[in-house]
Amino acid sequence: MKAPGHPEGGLRLEEHRFFRGMDEEFLARLRDTAYERSYDTGALLVREGDPAEEFLLLFAGKVALEIVLPDRPRMTIQTLGPGEVLGWSWLVSPHRWRLDARALKPTRVLGLAASHLRTVLNERPADGYRFLIRLLPVISERLENTRLQLMDLHGL
Amino acid sequence: MASEAANPGGAGTVASHPWVPVPFSVQERVSETADTATISLAPTRSGGRLSFAPGQFNMLYVFGVGEVPISISGDAEPGDRFVHTVRAVGKVSRALFDVRPGDVVGVRGPYGTGWPLAEALDRDVLIVAGGLGLPPLRPALYELLRHRERYGRIEVIYGARTPKDLVHYAEIQGWRARTDLRFQTTVDTAGRDWYGDVGVVTTRLPDARFDPTRTVAFLCGPEIMMRITAQELVGRGIPPGSMWLSLERNMKCAVGICGHCQFGPEFVCRNGPVFRYSEIERFLGVREI
């Protein structure tokens, strides 16, 4: 289900941890194209290989990032919850999702159209820089967590 | 130095000499996972009630095979048996995993320092356990819950490799149902049949509720997990002096003589295994130790 993301009572961009405290003019540019989505348990938010055309902000629920391997059960490598963001494939060429993301419980997100977001980031380099400074720790944390998972530290 | 008084062959000791194992018979064996079991041991000769401090360990001797240190995972209320949770990773632990009721093993202990529960009075308590780090913390959790009114918020984060590797699973369900305790579980990887969290234990810290200025943290698990978690908690405002870690080293004599478990200026068996983080932090990154 898709609905505008900024009516009274709806999800608010500035209330998500990722955007909290950012420049109001910058947020206003993004808010124009923000939209809400709801997913039932089991629904796919994104599918590996599909074009990554949106930046998704999680407000409620739980999402599993899954890898699908031939002849093997699909594997969940991380779960995300409220306050977290889904991926950066929309920012990195060739702009295709590298994982599946599936709702583990009823989930609400706010989406931003990737093409519009990239345009705004290019037009407002100072805000673009601040945006990347917030995105980089997300990438760094997931890289570090992946390293820990690779170490199989519970088996050490 | 260690934060708690060392207790070689402490109050609940069952041996007349710290190097002489006392025969205990296996009363019960509960399979936890494919390679982990919880065993209850009682002295073959009746004696006084057994006691220990949460966090202490016993040396368990499989006759003809060898001896290993295993933390006590049962309730610390004085009783007639010791409970240990054992993972089959080596020759001796495999033999312990394979014991059956009626088998006899040797026991020396309890040894070492315990979790400093007195430090937790009127404060929030954050427990972070990884893998087989939960069993050594279980006695502390029993104590915290027995005197629940004495403590602030209690948060537990428990991580394992996969859902099938979670130990004390049925008991965890009971803890998760309580309203006076938050118990989060997470696993490194999972299949579609797992609806819980996936990610290393540090990914759950943002959801943990505690006041860092009045929190004590108890960490137990693989050393790298404890190191990274402790660093993360310092970043979240918990002072290094308010965190305790249970270290695992090559303990042989258990009474601070042989030196196998030396960790910087400390012997883990005698001055630990529970150490205040601020006292060992500088040694954790030393590769030669």
# chains A, B, ... in the order shown; residues from 1 in each chain; ligands from 1
>>> closest_atom_pairs(of="chain A", to="chain B", cutoff="7 Å", atoms="only C-alpha atoms", output="JSON lines")
{"residue": "A:Pro73", "atom": "CA", "partner": "B:Gly191", "partner_atom": "CA", "distance": 6.7}
{"residue": "A:Arg74", "atom": "CA", "partner": "B:Gly191", "partner_atom": "CA", "distance": 6.1}
{"residue": "A:Met75", "atom": "CA", "partner": "B:Gly191", "partner_atom": "CA", "distance": 4.8}
{"residue": "A:Thr76", "atom": "CA", "partner": "B:Ala190", "partner_atom": "CA", "distance": 5.0}
{"residue": "A:Ile77", "atom": "CA", "partner": "B:Thr189", "partner_atom": "CA", "distance": 5.0}
{"residue": "A:Gln78", "atom": "CA", "partner": "B:Val198", "partner_atom": "CA", "distance": 4.5}
{"residue": "A:Thr79", "atom": "CA", "partner": "B:Val198", "partner_atom": "CA", "distance": 5.0}
{"residue": "A:Leu104", "atom": "CA", "partner": "B:Tyr195", "partner_atom": "CA", "distance": 6.0}
{"residue": "A:Asn145", "atom": "CA", "partner": "B:Val200", "partner_atom": "CA", "distance": 6.3}
{"residue": "A:Gln149", "atom": "CA", "partner": "B:Asp188", "partner_atom": "CA", "distance": 6.0}
{"residue": "A:Leu153", "atom": "CA", "partner": "B:Pro222", "partner_atom": "CA", "distance": 6.4}
{"residue": "A:His154", "atom": "CA", "partner": "B:Gly131", "partner_atom": "CA", "distance": 5.0}
{"residue": "A:Leu156", "atom": "CA", "partner": "B:Pro222", "partner_atom": "CA", "distance": 6.9}
>>> write_last_selection(atoms="N, CA and C atoms", output="mmCIF file, in the first residue's frame")
data_model
loop_
_atom_site.group_PDB
_atom_site.id
_atom_site.type_symbol
_atom_site.label_atom_id
_atom_site.label_comp_id
_atom_site.auth_asym_id
_atom_site.auth_seq_id
_atom_site.Cartn_x
_atom_site.Cartn_y
_atom_site.Cartn_z
ATOM 1 N N PRO A 73 18.415 -23.445 1.623
ATOM 2 C CA PRO A 73 17.365 -22.612 2.210
ATOM 3 C C PRO A 73 17.827 -21.167 2.252
ATOM 4 N N ARG A 74 16.878 -20.250 2.088
ATOM 5 C CA ARG A 74 17.272 -18.840 2.156
ATOM 6 C C ARG A 74 17.768 -18.526 3.561
ATOM 7 N N MET A 75 18.711 -17.632 3.656
ATOM 8 C CA MET A 75 19.385 -17.367 4.916
ATOM 9 C C MET A 75 19.199 -15.895 5.292
ATOM 10 N N THR A 76 18.810 -15.670 6.542
ATOM 11 C CA THR A 76 18.713 -14.295 7.037
ATOM 12 C C THR A 76 20.059 -13.902 7.630
ATOM 13 N N ILE A 77 20.597 -12.784 7.184
ATOM 14 C CA ILE A 77 21.903 -12.364 7.685
ATOM 15 C C ILE A 77 21.814 -11.169 8.635
ATOM 16 N N GLN A 78 20.682 -10.499 8.627
ATOM 17 C CA GLN A 78 20.503 -9.393 9.572
ATOM 18 C C GLN A 78 19.033 -9.017 9.617
ATOM 19 N N THR A 79 18.612 -8.528 10.758
ATOM 20 C CA THR A 79 17.266 -7.968 10.853
ATOM 21 C C THR A 79 17.378 -6.483 11.176
ATOM 22 N N LEU A 104 9.152 -9.395 8.662
ATOM 23 C CA LEU A 104 8.952 -10.484 9.615
ATOM 24 C C LEU A 104 7.730 -10.237 10.481
ATOM 25 N N ASN A 145 29.779 -5.780 11.410
ATOM 26 C CA ASN A 145 28.958 -6.911 11.848
ATOM 27 C C ASN A 145 29.152 -8.116 10.933
ATOM 28 N N GLN A 149 30.360 -11.841 11.887
ATOM 29 C CA GLN A 149 29.628 -13.052 11.502
ATOM 30 C C GLN A 149 30.552 -14.014 10.756
ATOM 31 N N LEU A 153 32.300 -16.129 15.568
ATOM 32 C CA LEU A 153 32.935 -16.018 16.881
ATOM 33 C C LEU A 153 32.310 -16.916 17.945
ATOM 34 N N HIS A 154 31.046 -17.280 17.772
ATOM 35 C CA HIS A 154 30.459 -18.168 18.777
ATOM 36 C C HIS A 154 30.979 -19.593 18.658
ATOM 37 N N LEU A 156 34.214 -20.051 18.173
ATOM 38 C CA LEU A 156 35.636 -20.025 18.513
ATOM 39 C C LEU A 156 35.894 -20.697 19.846
#
>>> residues_around(residues="Arg236 of chain B", least_positions_apart="4", cutoff="9 Å", atoms="only C-alpha atoms", output="PyMOL selection string")
chain B and resi 212+231-232
>>> select_by_dssp(residues="chain A", states="strand (DSSP E)", output="ChimeraX atom specification")
/A:2-4,35-39,44-46,54-67,75-80,85-86,100-113
